[in-house]
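Before any comments, here is the structure.
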Amino acid sequence: MHIDGLRERHDESVAKEGVFDEAVAAIKEAKRRGFRVTTNSTFFNTDTPQTIIEVLNFLNDDLQVDEMMISPAYAYEKAPDQEHFLGVEQTRELFRKAFAGGNRRRWRLNHSPLFLDFLEGKADFPCTAWAIPNYSLFGWQRPCYLMSDGYVPTYRELVEETDWEKYGRGKDPRCANCMAHCGYEPTAVLATMGSLKESLRAVRETASGNSR
Ligand code: SF4
C-alpha cells in the first residue's frame, strides 16, 4: 500500500480527496484478515523530518503494518510538478534528522542497513537498476521504472543489451538526484553480501588457524 503522508499530505500527493481514509481502511481490513501489509512512502521536498516521523510513527505504531519502505521521490520527466523533488544533499539531511533519536532502529523498515546508511549520507553507491526491473504490458522497461529508454520482450535482452555503465548519478543527467530504492537498494544488498562473504572467509580462516 502506498501512503505518502498523513491525510492531507497523502491526498494532495495523489491529487484526490478521500484516498488516505480508503487506504487506511483497506490496511485495517487486510490486517484483520491476517494478511501481511507492507507500505511504501515517497517523500518530497515539501516534507520535513517531522512529517516523515509522523507518517512512519502512524504506520508503525497505530496501524502496526508489518514493514515499511521509504524512498525519496524521483523527478520523472512526465511529472506535472517538477519543483517538489529532493536533491541529494536535501535527501540526506531529511533522513538523517528523521532517523535520529532511535527512530531508524525502532521502525520496521523493510530495507537493508546499508541502504538506510545511503539515504542519510553515511554511504554512497552506484546504481544497480537491473536488479529491480520493471515489467509491464509494454515489456521490460529500460533502464528502470523511473526512466523510459525503450522496452524489450525478455529479461535476458534487458540485462545483456542495455549499456548499464551509462546510467546512475554522475553519468546520466536524468539520474542526477535519484536515490530511489529500485536503483540503490540492490547495490546495498550486494555490498552487504560481499562484506558478509569477506567476514565469513575471515572467520573460517581464523577458525582453521586455531584448530591447527
Ligand atoms: S539512478 Fe538508476 S534507478 Fe535512478 S533513474 Fe537512474 S537508472 Fe533509474
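In the C-alpha cells, chains take the letters A, B, ... in the order shown, each chain's residues start at 1, and ligands count up from 1 in the order shown.
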>> Just want the 10 Å neighbourhood of Trp130 in chain A, counted on only C-alpha atoms, with same-chain residues fewer than 2 positions away dropped. Output as number ranges by chain.
In response: A: 127-128, 132-134, 141-144, 155, 158-160, 162, 164, 182-183, 186
> DSSP on the backbone: what in range 37-204 of chain A comes out helix (DSSP H, G or I), as a ChimeraX atom specification?
Replying inline: /A:49-62,88-99,103-106,113-119,129-131,155-161,164-166,173-175,181-204
>> So, with only C-alpha atoms as the atoms that count, which of A:Phe43, A:Tyr135, A:Trp140, A:Phe58 lies closest to Arg7 in chain A?
In response: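 Nearest to Arg7 in chain A: A:Phe58.
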>> For ligand 1, return the neighbouring residues as number ranges by chain (distance at most 8 Å; only C-alpha atoms and all ligand atoms).
In response: A: 74, 126-129, 143-147, 167-169, 172, 174-184
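Ranking A:Leu137, A:Leu114, A:Ala30, A:Val203 by their shortest atom-to-atom distance to Asp66 in chain A, with only C-alpha atoms included, puts A:Ala30 first.
We find CA of Leu6 in chain A and CA of Gly87 in chain A to be spaced 22.8 Å apart.
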> Near Gln64 in chain A, counting only C-alpha atoms, which residues have an atom at most 12 Å away, once you skip same-chain residues fewer than 3 positions from it, shown as an MDAnalysis selection string?
Replying inline: chainID A and resid 24 27:28 30:32 36:39 55:61 67:68 107:109
> Which polymer residues have any atom within 12 Å of an atom of Gln90 in chain A, counting only C-alpha atoms, with same-chain residues fewer than 4 positions away left out, as a PyMOL selection string?
Replying inline: chain A and resi 43-49+72-73+84-86+94-97+119-121+177-179
Written selection (C-alpha atoms) as a compact mmCIF listing (two decimals), in the first residue's frame:
```txt
# COMPACT_ATOMS: atom_id res chain seq x y z
CA PHE A 43 8.93 11.81 0.31
CA PHE A 44 9.24 15.19 -1.42
CA ASN A 45 10.95 18.49 -0.61
CA THR A 46 7.69 19.66 0.90
CA ASP A 47 8.31 17.05 3.63
CA THR A 48 10.15 17.81 6.83
CA PRO A 49 11.75 15.39 9.30
CA PRO A 72 12.89 10.00 -1.91
CA ALA A 73 10.79 10.92 -4.94
CA HIS A 84 8.97 19.43 -5.34
CA PHE A 85 11.66 16.79 -5.81
CA LEU A 86 14.57 16.41 -3.44
CA LEU A 94 15.98 14.98 5.74
CA PHE A 95 16.54 11.30 6.50
CA ARG A 96 19.42 11.95 8.91
CA LYS A 97 17.08 14.10 11.00
CA LEU A 119 19.78 7.61 2.49
CA GLU A 120 21.31 9.51 5.39
CA GLY A 121 24.64 10.06 3.64
CA ASN A 177 19.12 13.47 -7.98
CA CYS A 178 17.98 9.87 -7.91
CA MET A 179 18.33 7.94 -4.64
```
>> Just the number, please: distance in Å from CA of Phe20 in chain A to CA of Val65 in chain A, one decimal.
In response: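 Distance between the two atoms: 15.1 Å.
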>> So that I can check the surroundings of range 189-202 of chain A, please list as a PyMOL selection string every protein, DNA and RNA residue that reaches within 10 Å of it, counting only C-alpha atoms and ignoring chain neighbours fewer than 3 positions away.
In response: chain A and resi 111-115+125+128+131+184-186+205-208
Any chance you could export the current selection's C-alpha atoms as a PDB file, in the first residue's frame?
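File produced: selection.pdb:
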```pdb
ATOM      1  CA  HIS A 111      15.442  -2.056   3.908  1.00  0.00           C
ATOM      2  CA  SER A 112      18.997  -3.187   4.359  1.00  0.00           C
ATOM      3  CA  PRO A 113      21.002  -1.173   6.910  1.00  0.00           C
ATOM      4  CA  LEU A 114      23.360  -0.092   4.128  1.00  0.00           C
ATOM      5  CA  PHE A 115      20.514   1.411   2.097  1.00  0.00           C
ATOM      6  CA  PHE A 125      26.848   3.587  -4.064  1.00  0.00           C
ATOM      7  CA  THR A 128      22.137  -1.316  -9.905  1.00  0.00           C
ATOM      8  CA  ALA A 131      18.229  -5.884 -10.079  1.00  0.00           C
ATOM      9  CA  TYR A 184      20.240   1.701  -4.870  1.00  0.00           C
ATOM     10  CA  GLU A 185      18.759  -0.923  -2.535  1.00  0.00           C
ATOM     11  CA  PRO A 186      20.142  -3.752  -4.744  1.00  0.00           C
ATOM     12  CA  GLU A 205      40.449 -18.675   8.222  1.00  0.00           C
ATOM     13  CA  THR A 206      40.734 -17.756  11.917  1.00  0.00           C
ATOM     14  CA  ALA A 207      38.897 -20.955  12.950  1.00  0.00           C
ATOM     15  CA  SER A 208      41.072 -23.178  10.766  1.00  0.00           C
TER      16      SER A 208
END
```
>> My list of candidates is A:Ala100, A:Leu116, A:Lys122, A:Arg156. Which is closest to Ala188 in chain A when distances are computed with only C-alpha atoms?
In response: A:Leu116
>> Residues of chain A classed as strand (DSSP E or B) by DSSP on the backbone are to be reported as a PyMOL selection string.
In response: chain A and resi 2+38-43+67-72+109+135-136+139-144+147-152
